[in-house]
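Undergrad: Structure in structure tokens, see below.
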Amino acid sequence: MSAIVIAINAAISVSAYLMTVRMIPRFRDMFVKARLYGKDLCKRDQPQVPESYGVLIGCVFLVSLFLFIPIPFTFDEAAAMDVETGGKPATFPHDKFVELIAALLSICCMIFLGFADDVLDLRWRHKLLLPTIATLPLLMVYYVNYNSTTIILPHFARAFFGKSVNIGIFYYVYMGMLAVFCTNAINILAGINGLEVGQSLIIAASILVFNITELCLGHQIESHKFSIYFVLPFLATSLALWKFNKYPSKVFVGDTFCYFAGMTFAVVGILGHFSKTLLLFFLPQIINFLYSTPQLFHFVPCPRHRLPKYDAKTDLLHISTTDFHPKELGTLGRVMVTVFRTLRLISWQEKSDGRVITNNFTLINFVLVVFGPVHERVVTQMLMGVQVMCTLVAFVIRYPLANYFYET
Ligand code: UD1
Ligand code: MG
């Protein structure tokens with residue numbers, strides 16, 4: 001029966017892809033008319049590109065899943081219709097139903113808040129608050145259905161703390177923070193054509209491969225089926241968006257898409273009980289976040305845009321820079337830049353007046369520090385290559401290494 005449910009989900013996803021591919025170009029004028037557009041900063045004439053397309057594909061995703069809601073409960077043996085109870089299911093799995101509804105509510109809420117961010121251009125502190133609020137329905141359903149806040153420890157820690165530790169409320173804090181991280185981490189690894197969607201597609205594909213592997217191994221079947229129900233329509237709609245967002249972008253995704261993608265990943269990670277594995281698929285985003293911390297927390301000046309600088313003569317991207325006088329920085333800021341400089345993670349150019357020019361601390365700029373000026377399309381390809389390599393590393397950590405550390 002499970003195979004039928006997944007096959008129907010796949011069929012809905014294919015239809016969603018075909019529909020989205022037709023819809024995207026038709027909506028372009030409508031977005032521009034509503035003043036939803038941004039300048040493509042890495043092009044010679046900086047054309048106006050319709051922005052916030054995340055809202056459109058988010059809607060198609062939601063409609064696809066709304067249509068799908070009855071399917072698992074129609075074909076699920078536990079929910080089969082019982083003639084004696086007047087056609088009502090004898091043992092309707094209310095817990096599974098509420099899980100699906102709450103997951104959709106959280107994603108829907110995130111799309112709405114992301115769109116508000118695109119339209120109102122919110123401040124950074126709001127960007128942290130929005131995903132926290134959107135996860136509340138999810139955390140509530142986790143509390144009602146599982147409330148399992150125990151973590152299994154690896155071998156080497158068991159001598160001190162035992163086999164497992166119940167971390168109680170901190171588990172909920174961790175899950176809330178996971179949603180904040182997933183949404184914002186995609187949003188700050190952005191600014192060149194196709195990167196937001198490209199990285200999300202690779203993460204989603206990695207999750208799908210992981211879910212299928214676990215299904216084949218017979219581990220936590222229900223959780224991984226649940227994840228697949230969300231990941232397939234996500235992949236389909238994002239693939240359609242990628243067709244128009246890849247270099248040269250005909251549409252921009254907006255913060256709506258970054259939030260939508262991040263929340264979808266957080267939802268499947270939390271309710272599918274594989275949040276640690278999910279974080280492994282976010283390795284490039286974690287690296288980008290750690291590298292960005294001096295600027296994100298304003299220890300080092302952070303311009304509004306940190307995307308690379310375009311050179312119209314050569315059509316190549318160069319590093320974008322920030323400049324400061326070392327004396328302007330606080331102690332922590334100075335320690336951070338000294339560590340980065342010593343490890344050769346940043347470019348460093350001292351001016352005669354003592355001011356320093358360095359690249360903005362993003363993974364995109366780091367790639368440019370290492371490889372020099374590169375074409376926009378190639379930078380995106382390089383970063384997607386890094387994402388794929390990190391997925392392979394994630395699988396090595398998840399299977400051979402984790403089995404070694406956790407198996408009893
Ligand atoms: C985040 C980044 C910011 C980066 C921006 C690019 C942090 C703290 N913030 O800000 O450094 O510059 O994303 O998305 O790291 N754009 C392009 N080409 C693209 C995609 C976007 O030129 O392929 C430009 C367009 O002008 C577009 C704008 O970026 O309008 C979107 O920026 P926005 O998503 O509002 O920036 P933030 O998410 O706030
Ligand atoms: Mg953004």
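We label chains A, B, ... in the order they appear in the structure tokens, count residues from 1 in each chain, and number ligands from 1 in the order shown.
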Using only C-alpha atoms and all ligand atoms, I'd like a table of the residues in chain A that come within 8 Å of ligand 2; for each, show the closest atom pair and its distance in Å rounded to one decimal, ordered by chain and ascending number, as a Markdown table.
TA:
| residue | atom | partner | partner_atom_place_in_ligand_line | distance |
| --- | --- | --- | --- | --- |
| A:Asn187 | CA | ligand 2 | 1 (Mg) | 4.7 |
| A:Ile188 | CA | ligand 2 | 1 (Mg) | 6.7 |
| A:Ala190 | CA | ligand 2 | 1 (Mg) | 6.6 |
| A:Gly191 | CA | ligand 2 | 1 (Mg) | 7.5 |
| A:Gly254 | CA | ligand 2 | 1 (Mg) | 5.6 |
| A:Asp255 | CA | ligand 2 | 1 (Mg) | 4.3 |
| A:Cys258 | CA | ligand 2 | 1 (Mg) | 6.9 |
Undergrad: Got a sec: who's within 9 Å of Ala205 in chain A, counting only C-alpha atoms, leaving out chain neighbours fewer than 4 positions off, as a count of residues only?
TA: 7
Undergrad: Output as a tab-separated table one row per residue of chain A within 7 Å of ligand 1: the closest atom pair and its distance in Å to one decimal place, counting only C-alpha atoms and all ligand atoms, sorted by chain and residue number ascending.
TA:
residue	atom	partner	partner_atom_place_in_ligand_line	distance
A:Tyr37	CA	ligand 1	30 (O)	6.5
A:Gly38	CA	ligand 1	30 (O)	3.5
A:Lys39	CA	ligand 1	26 (O)	4.2
A:Asp40	CA	ligand 1	22 (O)	3.7
A:Leu41	CA	ligand 1	22 (O)	3.8
A:Cys42	CA	ligand 1	22 (O)	5.6
A:Glu51	CA	ligand 1	30 (O)	6.7
A:Asp118	CA	ligand 1	35 (O)	6.6
A:Asp121	CA	ligand 1	35 (O)	6.8
A:Asn187	CA	ligand 1	38 (O)	5.2
A:Ile188	CA	ligand 1	15 (O)	3.9
A:Leu189	CA	ligand 1	15 (O)	6.5
A:Ala190	CA	ligand 1	14 (O)	4.6
A:Gly191	CA	ligand 1	6 (C)	3.5
A:Ile192	CA	ligand 1	23 (O)	3.5
A:Asn193	CA	ligand 1	23 (O)	3.3
A:Gly194	CA	ligand 1	23 (O)	6.1
A:Ser249	CA	ligand 1	23 (O)	6.8
A:Phe252	CA	ligand 1	20 (C)	6.2
A:Gly254	CA	ligand 1	34 (O)	5.3
A:Asp255	CA	ligand 1	34 (O)	5.1
A:Leu296	CA	ligand 1	8 (C)	5.9
A:Arg304	CA	ligand 1	11 (O)	6.0
A:His305	CA	ligand 1	12 (O)	3.4
A:Arg306	CA	ligand 1	11 (O)	3.6
A:Leu307	CA	ligand 1	12 (O)	4.3
Undergrad: Keeping only C-alpha atoms, take the residues you just selected and write them out as a PDB file, in the first residue's frame.
TA:
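The file below, again_12.pdb, is the result:
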ATOM      1  CA  TYR A  37      11.481  42.943  -8.707  1.00  0.00           C
ATOM      2  CA  GLY A  38      15.175  43.359  -7.959  1.00  0.00           C
ATOM      3  CA  LYS A  39      18.227  44.420  -9.944  1.00  0.00           C
ATOM      4  CA  ASP A  40      20.501  41.630 -11.106  1.00  0.00           C
ATOM      5  CA  LEU A  41      23.660  43.172  -9.644  1.00  0.00           C
ATOM      6  CA  CYS A  42      26.099  40.877 -11.445  1.00  0.00           C
ATOM      7  CA  GLU A  51      11.472  38.680  -7.412  1.00  0.00           C
ATOM      8  CA  ASP A 118      10.295  40.371   0.811  1.00  0.00           C
ATOM      9  CA  ASP A 121      12.370  44.232   3.908  1.00  0.00           C
ATOM     10  CA  ASN A 187      19.307  32.978   2.711  1.00  0.00           C
ATOM     11  CA  ILE A 188      22.885  34.024   3.520  1.00  0.00           C
ATOM     12  CA  LEU A 189      24.495  31.683   0.994  1.00  0.00           C
ATOM     13  CA  ALA A 190      22.921  33.679  -1.814  1.00  0.00           C
ATOM     14  CA  GLY A 191      23.352  36.498  -4.286  1.00  0.00           C
ATOM     15  CA  ILE A 192      24.452  34.766  -7.492  1.00  0.00           C
ATOM     16  CA  ASN A 193      22.109  33.304 -10.079  1.00  0.00           C
ATOM     17  CA  GLY A 194      20.706  29.889  -9.203  1.00  0.00           C
ATOM     18  CA  SER A 249      18.176  34.448 -14.070  1.00  0.00           C
ATOM     19  CA  PHE A 252      14.536  35.699  -8.551  1.00  0.00           C
ATOM     20  CA  GLY A 254      13.278  36.060  -2.895  1.00  0.00           C
ATOM     21  CA  ASP A 255      13.532  35.421   0.825  1.00  0.00           C
ATOM     22  CA  LEU A 296      26.592  38.710  11.090  1.00  0.00           C
ATOM     23  CA  ARG A 304      23.868  45.461   3.104  1.00  0.00           C
ATOM     24  CA  HIS A 305      24.999  43.221   0.221  1.00  0.00           C
ATOM     25  CA  ARG A 306      27.919  40.851   0.469  1.00  0.00           C
ATOM     26  CA  LEU A 307      27.494  39.274  -2.971  1.00  0.00           C
TER      27      LEU A 307
END
Undergrad: What is the CA of Ile151 in chain A-CA of Ser2 in chain A distance in Å, reported with one decimal?
TA: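 CA of Ile151 in chain A sits 29.3 Å away from CA of Ser2 in chain A.
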Undergrad: In terms of the shortest atom-to-atom distance over only C-alpha atoms, which of A:Ile107, A:Val98, A:Ile167, A:Val339 is closest to Ile152 in chain A?
TA: A:Ile167
Undergrad: Apply DSSP to the structure's backbone, then extract all residues of range 81-289 of chain A labelled alpha helix (DSSP H) and return them as JSON, numbers by chain.
TA: {"A": [94, 95, 96, 97, 98, 99, 100, 101, 102, 103, 104, 105, 106, 107, 108, 109, 110, 111, 112, 113, 114, 115, 116, 117, 118, 119, 120, 124, 125, 126, 127, 128, 129, 130, 131, 132, 133, 134, 135, 136, 137, 138, 139, 140, 141, 142, 143, 144, 145, 155, 156, 157, 158, 159, 160, 161, 169, 170, 171, 172, 173, 174, 175, 176, 177, 178, 179, 180, 181, 182, 183, 184, 185, 186, 187, 188, 195, 196, 197, 198, 199, 200, 201, 202, 203, 204, 205, 206, 207, 208, 209, 210, 211, 212, 213, 214, 215, 216, 217, 221, 222, 223, 224, 225, 226, 227, 228, 229, 230, 231, 232, 233, 234, 235, 236, 237, 238, 239, 240, 241, 242, 243, 244, 245, 254, 255, 256, 257, 258, 259, 260, 261, 262, 263, 264, 265, 266, 267, 268, 269, 270, 271, 275, 276, 277, 278, 279, 280, 281, 283, 284, 285, 286, 287, 288, 289]}
Undergrad: In Å, how far is it from CA of Phe161 in chain A to CA of Asn147 in chain A?
TA: 21.0 Å
Undergrad: Between A:Arg377, A:Arg334, A:Lys225, A:His325, which one has atoms that come closest to Asn245 in chain A, using only C-alpha atoms?
TA: A:Arg377
Undergrad: I'd like the interatomic distance between CA of Glu376 in chain A and CA of Tyr247 in chain A, to a tenth of an Å.
TA: 7.6 Å
Undergrad: Could you write out, as a list in words, all the residues of range 135-277 of chain A that DSSP marks as strand (DSSP E or B)?
TA: Thr150, Ile151, Ile152, Ser164, Val165 and Asn166 of chain A
Undergrad: Within 8 Å of Ser64 in chain A, counting only C-alpha atoms, which residues qualify if same-chain residues fewer than 6 places away don't, as a tab-separated table (two decimals) with N, CA and C atoms, in the first residue's frame?
TA:
chain	number	residue	atom	x	y	z
A	12	ILE	N	1.48	13.42	-8.43
A	12	ILE	CA	1.08	14.79	-8.12
A	12	ILE	C	2.28	15.73	-8.32
A	13	SER	N	3.47	15.26	-7.90
A	13	SER	CA	4.67	16.09	-8.03
A	13	SER	C	5.00	16.37	-9.49
A	16	ALA	N	2.71	18.90	-10.66
A	16	ALA	CA	3.09	20.20	-10.08
A	16	ALA	C	4.24	20.81	-10.86
A	233	PRO	N	7.25	16.68	-3.77
A	233	PRO	CA	6.67	17.91	-4.34
A	233	PRO	C	7.64	19.10	-4.23
Undergrad: Set out as a Markdown table a contact list for range 121-222 of chain A and range 269-291 of chain A with a cut-off of 12 Å, giving each residue of range 121-222 of chain A that qualifies its closest atom pair and distance in Å to one decimal, counting only C-alpha atoms, ordered by chain and rising residue number.
TA:
| residue | atom | partner | partner_atom | distance |
| --- | --- | --- | --- | --- |
| A:Thr135 | CA | A:Ile270 | CA | 10.1 |
| A:Pro137 | CA | A:Leu271 | CA | 11.7 |
| A:Leu138 | CA | A:Leu271 | CA | 8.1 |
| A:Leu139 | CA | A:Ile270 | CA | 8.7 |
| A:Met140 | CA | A:Leu271 | CA | 11.2 |
| A:Val141 | CA | A:Leu271 | CA | 8.9 |
| A:Tyr142 | CA | A:Leu271 | CA | 7.1 |
| A:Tyr143 | CA | A:Leu271 | CA | 10.8 |
| A:Val144 | CA | A:Leu271 | CA | 11.9 |
| A:Asn145 | CA | A:Leu271 | CA | 9.7 |
| A:Tyr146 | CA | A:Leu271 | CA | 9.4 |
| A:Asn147 | CA | A:Leu271 | CA | 11.2 |
| A:Ser148 | CA | A:His273 | CA | 10.1 |
| A:Thr149 | CA | A:His273 | CA | 11.2 |
| A:Thr150 | CA | A:His273 | CA | 11.9 |
| A:Ile151 | CA | A:Lys276 | CA | 10.8 |
| A:Ile152 | CA | A:Lys276 | CA | 11.7 |
| A:Tyr171 | CA | A:Ile270 | CA | 10.7 |
| A:Tyr172 | CA | A:Ile270 | CA | 10.2 |
| A:Tyr174 | CA | A:Ser275 | CA | 9.9 |
| A:Met175 | CA | A:Ile270 | CA | 7.0 |
| A:Gly176 | CA | A:Ile270 | CA | 9.7 |
| A:Met177 | CA | A:Ser275 | CA | 11.4 |
| A:Leu178 | CA | A:Ser275 | CA | 8.1 |
| A:Ala179 | CA | A:Ile270 | CA | 9.2 |
| A:Phe181 | CA | A:Ile286 | CA | 8.8 |
| A:Cys182 | CA | A:Phe282 | CA | 8.0 |
| A:Thr183 | CA | A:Gln285 | CA | 10.5 |
| A:Asn184 | CA | A:Phe289 | CA | 9.1 |
| A:Ala185 | CA | A:Gln285 | CA | 5.5 |
| A:Ile186 | CA | A:Gln285 | CA | 6.8 |
| A:Asn187 | CA | A:Gln285 | CA | 9.6 |
| A:Ile188 | CA | A:Phe289 | CA | 7.8 |
| A:Leu189 | CA | A:Gln285 | CA | 6.9 |
| A:Ala190 | CA | A:Gln285 | CA | 10.5 |
| A:Leu195 | CA | A:Gln285 | CA | 11.8 |
| A:Glu196 | CA | A:Gln285 | CA | 11.0 |
| A:Gln199 | CA | A:Gln285 | CA | 9.2 |
| A:Ser200 | CA | A:Phe282 | CA | 9.7 |
| A:Leu201 | CA | A:Phe281 | CA | 11.4 |
| A:Ile202 | CA | A:Phe281 | CA | 8.8 |
| A:Ile203 | CA | A:Phe281 | CA | 6.0 |
| A:Ala204 | CA | A:Phe281 | CA | 9.0 |
| A:Ala205 | CA | A:Phe281 | CA | 10.0 |
| A:Ser206 | CA | A:Phe281 | CA | 7.0 |
| A:Ile207 | CA | A:Leu278 | CA | 7.3 |
| A:Leu208 | CA | A:Leu278 | CA | 11.0 |
| A:Val209 | CA | A:Phe281 | CA | 11.4 |
| A:Phe210 | CA | A:Thr277 | CA | 8.8 |
| A:Asn211 | CA | A:Gly272 | CA | 9.3 |
| A:Glu214 | CA | A:Phe274 | CA | 10.7 |
| A:His219 | CA | A:His273 | CA | 11.2 |
| A:Gln220 | CA | A:Gly272 | CA | 8.5 |
| A:Ile221 | CA | A:Gly272 | CA | 9.6 |
| A:Glu222 | CA | A:Gly272 | CA | 8.2 |
Undergrad: From the set A:Arg44, A:Leu239, A:Leu18, A:Asn9, which residue has the shortest atom-to-atom contact distance to Ser227 in chain A, counting only C-alpha atoms?
TA: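 That would be A:Asn9, the residue with the smallest distance to Ser227 in chain A.
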Undergrad: I'd like to know which of A:Met19, A:Leu392, A:Met382, A:Val300 is closest to Ile364 in chain A, using only C-alpha atoms.
TA: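 For Ile364 in chain A, the nearest of the given residues is A:Met382.
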Undergrad: When distances are computed from only C-alpha atoms, which of A:Thr213, A:Phe361, A:His155, A:Phe265 shows the smallest separation from Phe395 in chain A?
TA: A:Thr213
